Amino acid sequence: MFTFAEMKKVSFKTLGCRLNQYETDALVTQFHQAGYQVVDYSKPSDITVINTCTVTNQSDQKSRNIINHAARKNARGMVVVTGCMANNHKKQLEANEKITYVVDNQHKSSIVSLVDAHFKGEVVHPESFAGDVFGFETVDQSLHTRTSIKVQDGCNNFCTYCIVPSVRGRAVSRPLDEILENIRRVVDNGFKEIVITGVNIGRYEYEQYNLERAIEKIADLPGDFRIRISSMEPDGFGSDFHQVFRHPKMAPHLHLCIQSGSDAILKKMRRMYTTRSFMGILETFRTHMPDFNFTTDIIVGFPGESEEDFAESVRIAREARFSHIHTFRYSRRKGTRADRLEEQLEERIKSERSEVIRSVSEENRLLYINTMTGKEQRVLIEKVDRRGMARGYGEHYLPVQFPASDGTRNIFRRVMLEKVEPAETPFIHGVDQSFRP
């Protein structure tokens with residue numbers, strides 16, 4: 001461990017998914033425990049760790065821009081590039097003299113050991129250390145009020161547009177006892193919201209436990225915390241999956257990825273469901289929990305997507321009442337089947353269709369908020385600004401702001417929702433009900 005006088009400063013920049021964010025938070029903890037000073041990315045540092053994304057061409061470009069910025073910002077510092085781009089473009093990144101180390105996902109948890117060895121003058125290679133996708137310490141220092149728990153990695157679905165199986169590997173599940181112990185520790189460390197994350201968590205399977213049974217065990221752990229599930233595929237879990245959300249610790253929100261409203265396009269994508277089966281899941285949930293909030297991903301401009309196919313996506317997006325739609329313009333990725341398909345669409349068409357879906361998403365958001373007006377949310381305060389306005393998310397994953405009674409963050413408050421206007425902040429105004437009988 002460094003003495004205070006020689007303490008090294010480390011900063012982080014994360015792109016992409018919740019899984020990346022979890023792994024960054026775990027690295028923050030590891031560096032802190034090893035005696036490094038964690039500083040904001042905007043400040044000078046001795047080490048900059050960039051956790052990249054490569055899911056689209058735009059993700060690659062963002063990652064490259066951040067790498068170049070970090071190299072300019074800290075010209076004499078160490079730049080460590082990790083994440084999915086480090087797997088997908090490893091040789092290209094290793095040829096970049098501005099980058100000190102390129103660390104693939106398998107060895108990401110060894111970055112602290114790698115940096116330690118570097119400062120001791122040892123000549124090492126990232127792959128000198130044992131690879132373990134679950135080899136992260138329990139998070140006690142986070143850049144956020146909530147923390148994620150990684151339960152699964154990799155994917156076996158091989159959708160025709162996706163390179164995730166190439167950069168994350170085949171599906172593997174984390175032992176349940178490790179997950180439970182990890183959650184006990186982060187709850188003891190003060191975290192109030194646990195986000196269950198992975199690449200394809202619906203495929204979780206360890207010994208006799210599938211995802212439903214594992215979540216039941218997690219929800220039964222003691223402590224005042226809530227559980228949120230990150231992005232999921234609409235296959236791999238059972239017909240009774242909605243039952244786990246009856247537990248009071250479960251947040252009634254799910255990001256369930258549909259990708260297209262056209263069955264013909266879903267087939268080309270090699271998605272393992274139909275729009276009918278997808279809508280059946282939503283109907284089952286809402287029959288038991290009418291206010292349940294669904295968000296989703298939609299890809300526009302997939303090869304061969306006709307006007308009729310796109311119209312089906314628009315129809316389904318409205319019918320499903322997703323309160324938010326993360327819209328992707330299809331991006332060609334070398335090594336995928338979709339890259340070899342004919343009928344590649346122009347970027348102009350993708351952009352136009354993307355705007356349509358975003359407009360539908362905003363319409364849906366306002367409609368959902370209106371149905372929730374006058375209802376209470378249990379809001380976890382993430383920050384309190386100088387005006388005394390608290391901001392955080394309710395259990396339905398609605399962003400809420402309200403006048404705070406004090407400046408305390410990371411606490412729950414009961415808040416009555418008020419209407420939000422389209423032109424205003426995305427945060428819904430509310431009134432604190434916590435101290436009323």
# chains A, B, ... in the order shown; residues from 1 in each chain; ligands from 1
call {"tool": "select_by_dssp", "arguments": {"residues": "region 162-363 of chain A", "states": "alpha helix (DSSP H)", "output": "PyMOL selection string"}}
result
chain A and resi 164-168+176-188+211-219+263-269+275-288+307-320+347-363
call {"tool": "residues_around", "arguments": {"residues": "Asp291 (chain A)", "least_positions_apart": "4", "cutoff": "10 Å", "atoms": "only C-alpha atoms", "output": "PyMOL selection string"}}
result
chain A and resi 252-253+285-287+368+371-372+396
call {"tool": "closest_residue", "arguments": {"among": "A:Asp60, A:Asp220, A:Glu181, A:Glu233", "to": "Tyr204 (chain A)", "atoms": "only C-alpha atoms"}}
result
A:Glu233
call {"tool": "residues_around", "arguments": {"residues": "region 115-118 of chain A", "least_positions_apart": "6", "cutoff": "9 Å", "atoms": "only C-alpha atoms", "output": "list in words"}}
result
Ala34, Ile47, Met78, Val80 and Val124 of chain A
call {"tool": "residues_around", "arguments": {"residues": "Tyr36 (chain A)", "least_positions_apart": "6", "cutoff": "8 Å", "atoms": "only C-alpha atoms", "output": "PyMOL selection string"}}
result
chain A and resi 2+7-10
call {"tool": "closest_residue", "arguments": {"among": "A:Ala317, A:Val379, A:Val199, A:Val81", "to": "Cys162 (chain A)", "atoms": "only C-alpha atoms"}}
result
A:Val199
call {"tool": "residues_around", "arguments": {"residues": "region 125-127 of chain A", "least_positions_apart": "2", "cutoff": "12 Å", "atoms": "only C-alpha atoms", "output": "short mmCIF file (atom, residue, chain, number, x, y, z; two decimals) with C-alpha atoms, in the first residue's frame"}}
result
data_model
loop_
_atom_site.label_atom_id
_atom_site.label_comp_id
_atom_site.auth_asym_id
_atom_site.auth_seq_id
_atom_site.Cartn_x
_atom_site.Cartn_y
_atom_site.Cartn_z
CA VAL A 80 -5.67 1.29 -19.10
CA VAL A 81 -8.32 0.28 -21.64
CA THR A 82 -10.65 -2.58 -20.77
CA ALA A 86 -10.60 -4.45 -25.64
CA GLU A 94 -2.41 -2.60 -28.39
CA THR A 100 -0.35 1.57 -21.50
CA TYR A 101 -2.33 -1.67 -21.13
CA VAL A 102 -5.23 -3.32 -22.94
CA VAL A 103 -7.10 -5.68 -20.63
CA ASP A 104 -9.81 -8.01 -21.91
CA ASN A 105 -12.99 -8.82 -19.97
CA GLN A 106 -11.62 -12.13 -18.72
CA HIS A 107 -8.76 -10.33 -16.92
CA LYS A 108 -10.58 -7.11 -15.97
CA SER A 109 -10.69 -8.00 -12.27
CA SER A 110 -6.84 -8.16 -12.26
CA ILE A 111 -6.31 -4.51 -13.27
CA VAL A 112 -5.30 -3.41 -9.75
CA SER A 113 -2.67 -6.17 -9.55
CA LEU A 114 -1.45 -5.18 -13.01
CA VAL A 115 -1.09 -1.51 -12.03
CA ASP A 116 0.59 -2.41 -8.74
CA ALA A 117 3.15 -4.53 -10.58
CA HIS A 118 3.77 -1.72 -13.07
CA GLU A 122 7.85 -5.35 -12.91
CA VAL A 123 7.47 -6.23 -16.59
CA PHE A 129 -2.82 -12.94 -14.10
CA ALA A 130 -5.52 -15.56 -13.68
CA GLY A 131 -8.72 -14.68 -15.53
CA ASP A 132 -11.99 -14.70 -13.59
#
call {"tool": "atom_distance", "arguments": {"atom1": "CA of His247 (chain A)", "atom2": "CA of Thr197 (chain A)"}}
result
18.6 Å
call {"tool": "residues_around", "arguments": {"residues": "Ile258 (chain A)", "least_positions_apart": "5", "cutoff": "10 Å", "atoms": "only C-alpha atoms", "output": "NGL selection string"}}
result
:A and (232-234 or 266 or 271 or 273-275 or 278-279 or 295-299 or 313 or 316-317 or 325)
call {"tool": "select_by_dssp", "arguments": {"residues": "region 48-230 of chain A", "states": "strand (DSSP E or B)", "output": "VMD selection string"}}
result
chain A and resid 48 to 52 78 to 83 101 to 103 147 to 150 152 to 153 172 to 173 193 to 197 205 to 206 209 to 210 226 to 229
call {"tool": "atom_distance", "arguments": {"atom1": "CA of Thr408 (chain A)", "atom2": "CA of Glu382 (chain A)"}}
result
9.0 Å
call {"tool": "closest_residue", "arguments": {"among": "A:Ser230, A:Gln377, A:Gln344, A:Thr425", "to": "Tyr22 (chain A)", "atoms": "only C-alpha atoms"}}
result
A:Ser230
call {"tool": "atom_distance", "arguments": {"atom1": "CA of Gln401 (chain A)", "atom2": "CA of Arg18 (chain A)"}}
result
23.1 Å
call {"tool": "residues_around", "arguments": {"residues": "Ile265 (chain A)", "least_positions_apart": "5", "cutoff": "9 Å", "atoms": "only C-alpha atoms", "output": "ChimeraX atom specification"}}
result
/A:260,270-271,302-305,309
call {"tool": "closest_residue", "arguments": {"among": "A:Ile369, A:Val300, A:Glu308, A:Pro222", "to": "Arg348 (chain A)", "atoms": "only C-alpha atoms"}}
result
A:Val300
call {"tool": "closest_residue", "arguments": {"among": "A:Arg409, A:Lys90, A:Arg340, A:His242", "to": "Thr54 (chain A)", "atoms": "only C-alpha atoms"}}
result
A:Lys90
call {"tool": "closest_residue", "arguments": {"among": "A:Ser262, A:Asn74, A:Thr14, A:Ser434", "to": "Cys53 (chain A)", "atoms": "only C-alpha atoms"}}
result
A:Thr14
